[in-house]
file run_15.cif (mmCIF, C-alpha atoms)
data_final
#
loop_
_atom_site.label_atom_id
_atom_site.label_comp_id
_atom_site.auth_asym_id
_atom_site.auth_seq_id
_atom_site.Cartn_x
_atom_site.Cartn_y
_atom_site.Cartn_z
CA MET A 291 2.57 91.84 60.83
CA ALA A 292 3.32 88.18 60.47
CA PRO A 293 6.95 87.41 61.31
CA LEU A 294 9.39 86.79 58.49
CA TRP A 295 9.83 83.08 59.05
CA MET A 296 6.15 82.40 58.31
CA TYR A 297 6.49 83.84 54.81
CA LEU A 298 9.66 81.81 54.31
CA ALA A 299 7.95 78.62 55.50
CA VAL A 300 5.02 79.11 53.11
CA ALA A 301 7.45 79.82 50.26
CA ALA A 302 9.40 76.65 51.13
CA ALA A 303 6.19 74.59 51.03
CA LEU A 304 5.16 76.11 47.69
CA PHE A 305 8.63 75.53 46.23
CA SER A 306 8.58 71.88 47.35
CA LEU A 307 5.15 71.43 45.76
CA GLY A 308 6.58 72.81 42.53
CA VAL A 309 9.58 70.46 42.72
CA PHE A 310 7.26 67.52 43.20
CA GLY A 311 5.15 68.59 40.21
CA VAL A 312 8.20 69.04 37.97
CA LEU A 313 9.62 65.64 38.90
CA ALA A 314 6.43 63.59 39.00
CA ARG A 315 3.89 64.93 36.51
CA ARG A 316 3.78 63.28 33.08
CA ASN A 317 2.15 66.09 31.13
CA ALA A 318 4.58 68.78 29.96
CA VAL A 319 1.99 71.53 30.51
CA ALA A 320 1.61 70.41 34.13
CA VAL A 321 5.40 70.50 34.48
CA LEU A 322 5.41 74.08 33.21
CA MET A 323 2.65 75.01 35.68
CA SER A 324 4.76 73.56 38.50
CA VAL A 325 7.70 75.68 37.34
CA GLU A 326 5.44 78.72 37.71
CA LEU A 327 4.69 77.66 41.29
CA MET A 328 8.43 77.50 42.04
CA LEU A 329 8.99 80.95 40.53
CA ASN A 330 6.21 82.34 42.71
CA ALA A 331 7.73 80.80 45.83
CA VAL A 332 11.00 82.56 45.00
CA ASN A 333 9.10 85.81 44.49
CA ILE A 334 7.51 85.53 47.94
CA ASN A 335 10.98 85.07 49.43
CA LEU A 336 12.43 88.05 47.57
CA VAL A 337 9.63 90.42 48.56
CA ALA A 338 9.59 89.19 52.18
CA PHE A 339 13.34 89.68 52.60
CA TRP A 340 13.06 93.08 50.95
CA ARG A 341 10.24 94.12 53.29
CA TYR A 342 11.99 92.99 56.46
CA SER A 343 15.44 94.29 55.59
CA GLU A 344 16.69 97.31 57.48
CA THR A 345 16.44 100.47 55.39
CA GLY A 346 18.69 103.26 56.49
CA THR A 347 18.60 106.75 55.10
CA ASP A 348 18.40 105.77 51.45
CA LEU A 349 15.77 103.36 50.20
CA LEU A 350 16.72 99.88 49.15
CA LEU A 351 14.78 98.64 46.16
CA ASN A 352 16.80 95.58 45.14
CA GLY A 353 14.25 92.96 46.23
CA TYR A 354 11.32 94.90 44.79
CA ALA A 355 12.96 95.48 41.40
CA PHE A 356 14.37 91.93 41.25
CA THR A 357 10.86 90.52 41.75
CA ALA A 358 9.58 92.67 38.88
CA PHE A 359 12.33 91.28 36.63
CA VAL A 360 11.56 87.72 37.73
CA LEU A 361 7.96 88.34 36.63
CA ILE A 362 9.17 89.52 33.21
CA VAL A 363 11.46 86.52 32.73
CA ALA A 364 8.64 84.19 33.84
CA ALA A 365 6.35 85.66 31.18
CA ALA A 366 9.01 85.12 28.49
CA GLU A 367 9.69 81.60 29.76
CA ALA A 368 6.00 80.65 29.70
CA ALA A 369 5.54 81.96 26.14
CA VAL A 370 8.57 80.13 24.69
CA GLY A 371 7.98 76.98 26.75
CA LEU A 372 4.36 76.64 25.66
CA ALA A 373 5.37 77.28 22.03
CA ILE A 374 7.91 74.43 22.28
CA ILE A 375 5.28 72.13 23.84
CA ILE A 376 2.81 72.91 21.05
CA THR A 377 5.46 72.27 18.37
CA VAL A 378 6.50 68.97 19.93
CA TYR A 379 2.84 67.97 20.16
CA ARG A 380 2.30 68.82 16.50
CA ASN A 381 5.28 66.76 15.37
CA ARG A 382 5.04 63.80 17.74
CA ARG A 383 1.41 63.81 18.97
CA SER A 384 2.69 63.68 22.53
CA VAL A 385 3.02 66.01 25.49
CA ILE A 386 5.11 63.60 27.55
CA PRO A 387 8.61 65.01 28.04
CA GLU A 388 10.25 61.56 28.01
CA GLU A 389 8.98 60.90 24.49
CA ALA A 390 10.72 63.94 22.98
CA ARG A 391 14.11 62.29 22.58
CA ALA A 392 15.01 62.79 18.92
CA LEU A 393 18.29 64.43 19.93
CA LYS A 394 19.31 61.64 22.30
CA GLY A 395 22.70 60.16 21.40
CA MET B 55 1.07 87.31 67.07
CA GLU B 56 -2.28 88.91 67.79
CA LEU B 57 -5.49 88.32 65.91
CA ASN B 58 -6.08 91.20 63.53
CA ALA B 59 -6.89 91.80 59.88
CA ILE B 60 -3.34 91.12 58.71
CA THR B 61 -3.20 87.80 60.55
CA ILE B 62 -6.54 86.70 59.12
CA GLY B 63 -5.38 87.79 55.67
CA PHE B 64 -2.16 85.82 56.07
CA VAL B 65 -4.08 82.64 56.99
CA VAL B 66 -6.53 83.09 54.10
CA PHE B 67 -3.76 83.72 51.55
CA THR B 68 -1.81 80.74 52.89
CA ILE B 69 -4.85 78.53 52.28
CA PHE B 70 -5.20 79.99 48.77
CA THR B 71 -1.52 79.61 47.90
CA LEU B 72 -0.86 76.13 49.26
CA GLY B 73 -4.31 74.74 48.43
CA GLY B 74 -3.98 75.96 44.87
CA GLY B 75 -0.49 74.49 44.66
CA ILE B 76 -1.70 71.11 45.88
CA GLY B 77 -4.50 71.31 43.31
CA VAL B 78 -2.00 72.02 40.52
CA VAL B 79 0.19 69.02 41.25
CA THR B 80 -2.63 66.54 42.00
CA THR B 81 -5.52 67.27 39.65
CA ARG B 82 -6.18 64.91 36.78
CA ASN B 83 -7.97 67.43 34.58
CA LEU B 84 -5.52 70.10 33.38
CA PHE B 85 -8.29 72.67 32.94
CA GLN B 86 -8.99 72.38 36.64
CA GLY B 87 -5.24 72.54 37.17
CA THR B 88 -5.19 75.93 35.45
CA ILE B 89 -7.95 77.17 37.74
CA TRP B 90 -6.00 75.92 40.77
CA LEU B 91 -2.92 77.71 39.43
CA MET B 92 -4.95 80.94 39.27
CA VAL B 93 -6.07 80.43 42.89
CA SER B 94 -2.46 79.91 44.00
CA LEU B 95 -1.20 82.94 42.09
CA PHE B 96 -3.98 85.03 43.62
CA GLY B 97 -2.81 83.99 47.07
CA VAL B 98 0.72 85.09 46.18
CA ALA B 99 -0.69 88.46 45.05
CA GLY B 100 -2.31 88.73 48.48
CA TYR B 101 1.07 88.16 50.11
CA PHE B 102 2.48 91.02 48.05
CA VAL B 103 -0.28 93.28 49.43
CA LEU B 104 0.53 92.19 52.99
CA LEU B 105 4.22 92.88 52.34
CA SER B 106 3.32 96.44 51.18
CA ALA B 107 4.20 95.87 47.53
CA PRO B 108 0.89 96.80 45.87
CA PHE B 109 2.47 97.33 42.45
CA LEU B 110 3.74 93.76 42.39
CA ALA B 111 0.31 92.50 43.45
CA ALA B 112 -1.32 94.33 40.54
CA VAL B 113 1.32 93.04 38.11
CA GLN B 114 0.88 89.54 39.53
CA VAL B 115 -2.85 89.62 38.81
CA LEU B 116 -2.41 91.19 35.37
CA VAL B 117 0.56 89.20 34.08
CA TYR B 118 0.20 85.86 35.85
CA ILE B 119 -3.55 85.39 36.20
CA GLY B 120 -4.45 87.50 33.18
CA ALA B 121 -1.80 86.40 30.68
CA ILE B 122 0.20 83.33 31.70
CA ALA B 123 -2.77 81.34 33.02
CA ILE B 124 -4.75 82.10 29.85
CA LEU B 125 -1.71 81.09 27.77
CA ILE B 126 -1.54 77.79 29.66
CA THR B 127 -5.28 77.28 29.05
CA PHE B 128 -4.65 77.72 25.31
CA ALA B 129 -1.79 75.21 25.46
CA VAL B 130 -4.02 72.71 27.28
CA MET B 131 -6.69 73.08 24.60
CA LEU B 132 -4.20 72.82 21.72
CA THR B 133 -2.57 69.64 23.09
CA ARG B 134 -5.58 67.53 23.94
CA SER B 135 -4.11 64.07 23.92
CA VAL B 136 -5.69 63.37 27.29
CA THR B 137 -6.75 59.89 26.25
CA ARG B 138 -3.17 58.78 25.63
CA ILE B 139 -1.91 59.62 29.10
CA LYS B 140 -3.21 56.89 31.35
CA GLU B 141 -1.47 57.82 34.55
CA ARG B 142 -0.86 61.24 36.02
CA TYR B 143 2.52 60.51 37.56
CA ILE B 144 5.83 58.99 36.68
CA ARG B 145 8.32 57.91 39.41
CA ILE B 146 5.97 59.30 42.06
CA LEU B 147 7.62 57.78 45.14
CA PRO B 148 11.19 59.10 44.60
CA SER B 149 9.78 62.48 43.59
CA PHE B 150 7.70 62.62 46.76
CA ILE B 151 10.66 61.66 48.93
CA VAL B 152 12.95 64.22 47.27
CA SER B 153 10.45 67.08 47.55
CA LEU B 154 9.55 66.19 51.15
CA ALA B 155 13.23 66.08 52.09
CA LEU B 156 13.76 69.42 50.37
CA PHE B 157 10.83 70.91 52.29
CA LEU B 158 12.12 69.64 55.62
CA ILE B 159 15.63 70.97 54.91
CA LEU B 160 14.22 74.37 53.91
CA LEU B 161 11.94 74.47 56.96
CA PHE B 162 14.89 73.59 59.19
CA GLY B 163 16.97 76.36 57.65
CA VAL B 164 14.12 78.84 58.02
CA THR B 165 13.19 78.07 61.62
CA VAL B 166 16.67 77.64 63.15
CA PRO B 167 17.54 81.40 63.03
CA ILE B 168 14.39 82.15 65.11
CA PHE B 169 15.96 80.67 68.22
CA SER B 170 19.25 82.51 67.77
CA GLY B 171 17.35 85.76 67.20
CA HIS B 172 18.82 86.58 63.80
CA LEU B 173 15.50 86.95 62.02
CA PRO B 174 13.74 90.31 62.37
CA GLU B 175 10.38 90.04 64.10
CA SER B 176 8.86 93.20 62.70
CA ALA B 177 9.33 95.12 59.48
CA PRO B 178 10.58 98.70 59.37
CA GLU B 179 7.86 101.31 59.41
CA TYR B 180 9.03 103.26 56.39
CA VAL B 181 8.92 101.41 53.09
CA ALA B 182 9.62 102.30 49.47
CA SER B 183 6.59 103.12 47.35
CA THR B 184 5.66 102.45 43.74
CA ARG B 185 6.82 105.99 42.93
CA ASP B 186 10.30 105.12 44.24
CA LEU B 187 10.36 101.97 42.12
CA GLY B 188 9.37 103.91 39.01
CA ALA B 189 12.11 106.46 39.65
CA ALA B 190 14.69 103.72 40.28
CA LEU B 191 13.78 101.88 37.06
CA VAL B 192 14.82 104.85 34.89
CA ASP B 193 17.65 106.06 37.14
CA GLU B 194 21.10 105.61 35.63
CA ASN B 195 22.38 104.59 39.06
CA GLY B 196 19.39 102.26 39.45
CA TYR B 197 18.00 99.65 37.13
CA VAL B 198 17.84 101.30 33.72
CA VAL B 199 20.10 98.71 32.02
CA PRO B 200 18.11 95.65 33.24
CA PHE B 201 14.93 97.58 32.42
CA LEU B 202 16.02 98.03 28.80
CA LEU B 203 17.32 94.46 28.59
CA ALA B 204 13.94 93.22 29.85
CA SER B 205 12.18 94.91 26.94
CA VAL B 206 14.65 93.30 24.51
CA LEU B 207 14.05 89.92 26.19
CA LEU B 208 10.27 90.27 25.91
CA THR B 209 10.51 91.19 22.21
CA ALA B 210 12.86 88.26 21.55
CA ALA B 211 10.57 85.88 23.47
CA MET B 212 7.52 87.06 21.52
CA ILE B 213 9.23 86.68 18.13
CA GLY B 214 10.70 83.33 19.18
CA ALA B 215 7.38 81.97 20.42
CA ILE B 216 5.62 82.97 17.18
CA PHE B 217 8.45 81.48 15.08
CA ILE B 218 8.58 78.20 17.01
CA ALA B 219 4.83 77.64 17.17
CA ARG B 220 4.18 78.65 13.54
CA ASP B 221 2.51 75.95 11.50
CA GLU B 222 4.65 75.63 8.37
CA SER B 223 2.06 73.69 6.41
CA ALA B 224 -0.58 76.38 6.88
#

call {"tool": "encode", "arguments": {"input": "run_15.cif", "output": "structure tokens"}}
result
Amino acid sequence: MAPLWMYLAVAAALFSLGVFGVLARRNAVAVLMSVELMLNAVNINLVAFWRYSETGTDLLLNGYAFTAFVLIVAAAEAAVGLAIIITVYRNRRSVIPEEARALKG
Amino acid sequence: MELNAITIGFVVFTIFTLGGGIGVVTTRNLFQGTIWLMVSLFGVAGYFVLLSAPFLAAVQVLVYIGAIAILITFAVMLTRSVTRIKERYIRILPSFIVSLALFLILLFGVTVPIFSGHLPESAPEYVASTRDLGAALVDENGYVVPFLLASVLLTAAMIGAIFIARDESA
């Protein structure tokens, strides 16, 4: 098997790509896609640490189950986030996050 | 690290994951960006197979590629103001510097424990199966409370998404 640090390095690269997309992209849908990349990088880390952790007599399932819950929360986040983007687009004709500033003081 | 099927699979899935990620953050056309996102998520599903978590790989393909990517495609189609956005990026240089610095810090933190020998080189032979996960999800000493809360969260997210995106004039 590939050693653990290789999985962690790939996850770090994917997370940094997601950070760049969130910070730099102008389109809100692209920002949301970059957030999905970051969530997937975290999932790789969780599963890799779970797989390489020492299991004694009883089975440890924390990493496995936590990844499943991250998937569920990501699905909820994508649904609500895209609904918000569509509503902002309908009201303001814009998908640029900087232009949605009606609540700015 | 010898050359075998797992090594080749790791290299292929790395190309899928990182290549798809680069495609997501650089492409001009968001439809193509969705396709790149699917490629990247497929690579992550391959990692789950290599890490002996086949259930997560199946869920990854079903939920991420099957549902979330399609949802994003719908959002791209419903918000087609492509002509108004002239440039892809805002504040590209500071973002690039920040993400590159973050990557180098993470890589440093990941590779330093190799030399002190704290990272395990090989995984344990015996690993929990999907059957164990299913039993743990409904075990009162396991994850039954987060399991039930997850169903409440999904219902709330579905109702909330419908309520937010509802067109009041229609």

call {"tool": "closest_atom_pairs", "arguments": {"input": "run_15.cif", "of": "region 300-383 of chain A", "to": "region 63-78 of chain B", "cutoff": "8 Å", "atoms": "only C-alpha atoms", "output": "CSV"}}
result
residue,atom,partner,partner_atom,distance
A:Val300,CA,B:Thr68,CA,7.0
A:Ala303,CA,B:Leu72,CA,7.4
A:Leu304,CA,B:Leu72,CA,6.2
A:Leu307,CA,B:Gly75,CA,6.5
A:Gly308,CA,B:Gly75,CA,7.6
A:Gly311,CA,B:Val78,CA,7.9
A:Ala320,CA,B:Val78,CA,7.5
A:Met323,CA,B:Val78,CA,7.3
A:Ser324,CA,B:Val78,CA,7.2
A:Leu327,CA,B:Gly75,CA,6.9

call {"tool": "write_last_selection", "arguments": {"input": "run_15.cif", "atoms": "C-alpha atoms", "output": "short mmCIF file (atom, residue, chain, number, x, y, z; two decimals), in the coordinates of the input"}}
result
data_model
loop_
_atom_site.label_atom_id
_atom_site.label_comp_id
_atom_site.auth_asym_id
_atom_site.auth_seq_id
_atom_site.Cartn_x
_atom_site.Cartn_y
_atom_site.Cartn_z
CA VAL A 300 5.02 79.11 53.11
CA ALA A 303 6.19 74.59 51.03
CA LEU A 304 5.16 76.11 47.69
CA LEU A 307 5.15 71.43 45.76
CA GLY A 308 6.58 72.81 42.53
CA GLY A 311 5.15 68.59 40.21
CA ALA A 320 1.61 70.41 34.13
CA MET A 323 2.65 75.01 35.68
CA SER A 324 4.76 73.56 38.50
CA LEU A 327 4.69 77.66 41.29
#

call {"tool": "residues_around", "arguments": {"input": "run_15.cif", "residues": "region 377-391 of chain A", "least_positions_apart": "2", "cutoff": "7 Å", "atoms": "only C-alpha atoms", "output": "VMD selection string"}}
result
(chain A and resid 316 to 318 373 to 375 393 to 394) or (chain B and resid 133 135 218 to 219)

call {"tool": "residues_around", "arguments": {"input": "run_15.cif", "residues": "Leu361 (chain A)", "least_positions_apart": "3", "cutoff": "12 Å", "atoms": "only C-alpha atoms", "output": "ChimeraX atom specification"}}
result
/A:326,329-334,336,354-358,364-368 /B:95,110-119,121-122,204,208

call {"tool": "resolve_selection", "arguments": {"input": "run_15.cif", "expression": "the PyMOL selection byres ((chain B) within 7 of (chain A))", "output": "PyMOL selection string"}}
result
chain B and resi 60-61+72+75-76+79+105+110+122+129-130+133+135+142-146+149-150+153-154+156-157+160-161+164-165+174-178+182+187+204+208+211+214-215+218-219

call {"tool": "closest_residue", "arguments": {"input": "run_15.cif", "among": "B:Thr80, B:Thr127, B:Asn195, B:Ser183", "to": "Phe109 (chain B)", "atoms": "only C-alpha atoms"}}
result
B:Ser183

call {"tool": "atom_distance", "arguments": {"input": "run_15.cif", "atom1": "CA of Gly353 (chain A)", "atom2": "CA of Ala210 (chain B)"}}
result
25.2 Å

call {"tool": "atom_distance", "arguments": {"input": "run_15.cif", "atom1": "CA of Met131 (chain B)", "atom2": "CA of Thr88 (chain B)"}}
result
11.3 Å

call {"tool": "atom_distance", "arguments": {"input": "run_15.cif", "atom1": "CA of Asp221 (chain B)", "atom2": "CA of Arg134 (chain B)"}}
result
17.1 Å

call {"tool": "build_atoms", "arguments": {"input": "run_15.cif", "residues": "region 154-176 of chain B", "atoms": "N, CA and C atoms", "output": "compact mmCIF listing (two decimals), in the frame of the given file"}}
result
# COMPACT_ATOMS: atom_id res chain seq x y z
N LEU B 154 9.78 66.11 49.70
CA LEU B 154 9.55 66.19 51.15
C LEU B 154 10.85 66.47 51.89
N ALA B 155 11.94 65.82 51.45
CA ALA B 155 13.23 66.08 52.09
C ALA B 155 13.65 67.52 51.87
N LEU B 156 13.42 68.03 50.65
CA LEU B 156 13.76 69.42 50.37
C LEU B 156 12.97 70.37 51.27
N PHE B 157 11.66 70.06 51.44
CA PHE B 157 10.83 70.91 52.29
C PHE B 157 11.32 70.91 53.72
N LEU B 158 11.67 69.72 54.23
CA LEU B 158 12.12 69.64 55.62
C LEU B 158 13.45 70.39 55.80
N ILE B 159 14.35 70.26 54.81
CA ILE B 159 15.63 70.97 54.91
C ILE B 159 15.39 72.48 54.91
N LEU B 160 14.51 72.93 53.99
CA LEU B 160 14.22 74.37 53.91
C LEU B 160 13.57 74.86 55.20
N LEU B 161 12.63 74.06 55.73
CA LEU B 161 11.94 74.47 56.96
C LEU B 161 12.92 74.54 58.12
N PHE B 162 13.85 73.57 58.16
CA PHE B 162 14.89 73.59 59.19
C PHE B 162 15.73 74.86 59.07
N GLY B 163 16.16 75.17 57.85
CA GLY B 163 16.97 76.36 57.65
C GLY B 163 16.23 77.65 57.95
N VAL B 164 14.90 77.63 57.78
CA VAL B 164 14.12 78.84 58.02
C VAL B 164 13.86 79.03 59.51
N THR B 165 13.61 77.94 60.22
CA THR B 165 13.19 78.07 61.62
C THR B 165 14.36 78.12 62.60
N VAL B 166 15.54 77.63 62.21
CA VAL B 166 16.67 77.64 63.15
C VAL B 166 17.06 79.07 63.56
N PRO B 167 17.13 80.05 62.60
CA PRO B 167 17.54 81.40 63.03
C PRO B 167 16.56 82.07 63.98
N ILE B 168 15.33 81.54 64.15
CA ILE B 168 14.39 82.15 65.11
C ILE B 168 14.99 82.08 66.51
N PHE B 169 15.53 80.90 66.84
CA PHE B 169 15.96 80.67 68.22
C PHE B 169 17.25 81.42 68.54
N SER B 170 18.06 81.71 67.50
CA SER B 170 19.25 82.51 67.77
C SER B 170 18.96 84.01 67.64
N GLY B 171 17.73 84.36 67.23
CA GLY B 171 17.35 85.76 67.20
C GLY B 171 17.90 86.55 66.03
N HIS B 172 18.27 85.86 64.94
CA HIS B 172 18.82 86.58 63.80
C HIS B 172 17.75 87.09 62.86
N LEU B 173 16.55 86.51 62.92
CA LEU B 173 15.50 86.95 62.02
C LEU B 173 14.76 88.14 62.63
N PRO B 174 14.49 89.17 61.83
CA PRO B 174 13.74 90.31 62.37
C PRO B 174 12.28 89.92 62.63
N GLU B 175 11.76 90.37 63.76
CA GLU B 175 10.38 90.04 64.10
C GLU B 175 9.39 90.98 63.43
N SER B 176 9.79 92.24 63.29
CA SER B 176 8.86 93.20 62.70
C SER B 176 9.58 93.95 61.58
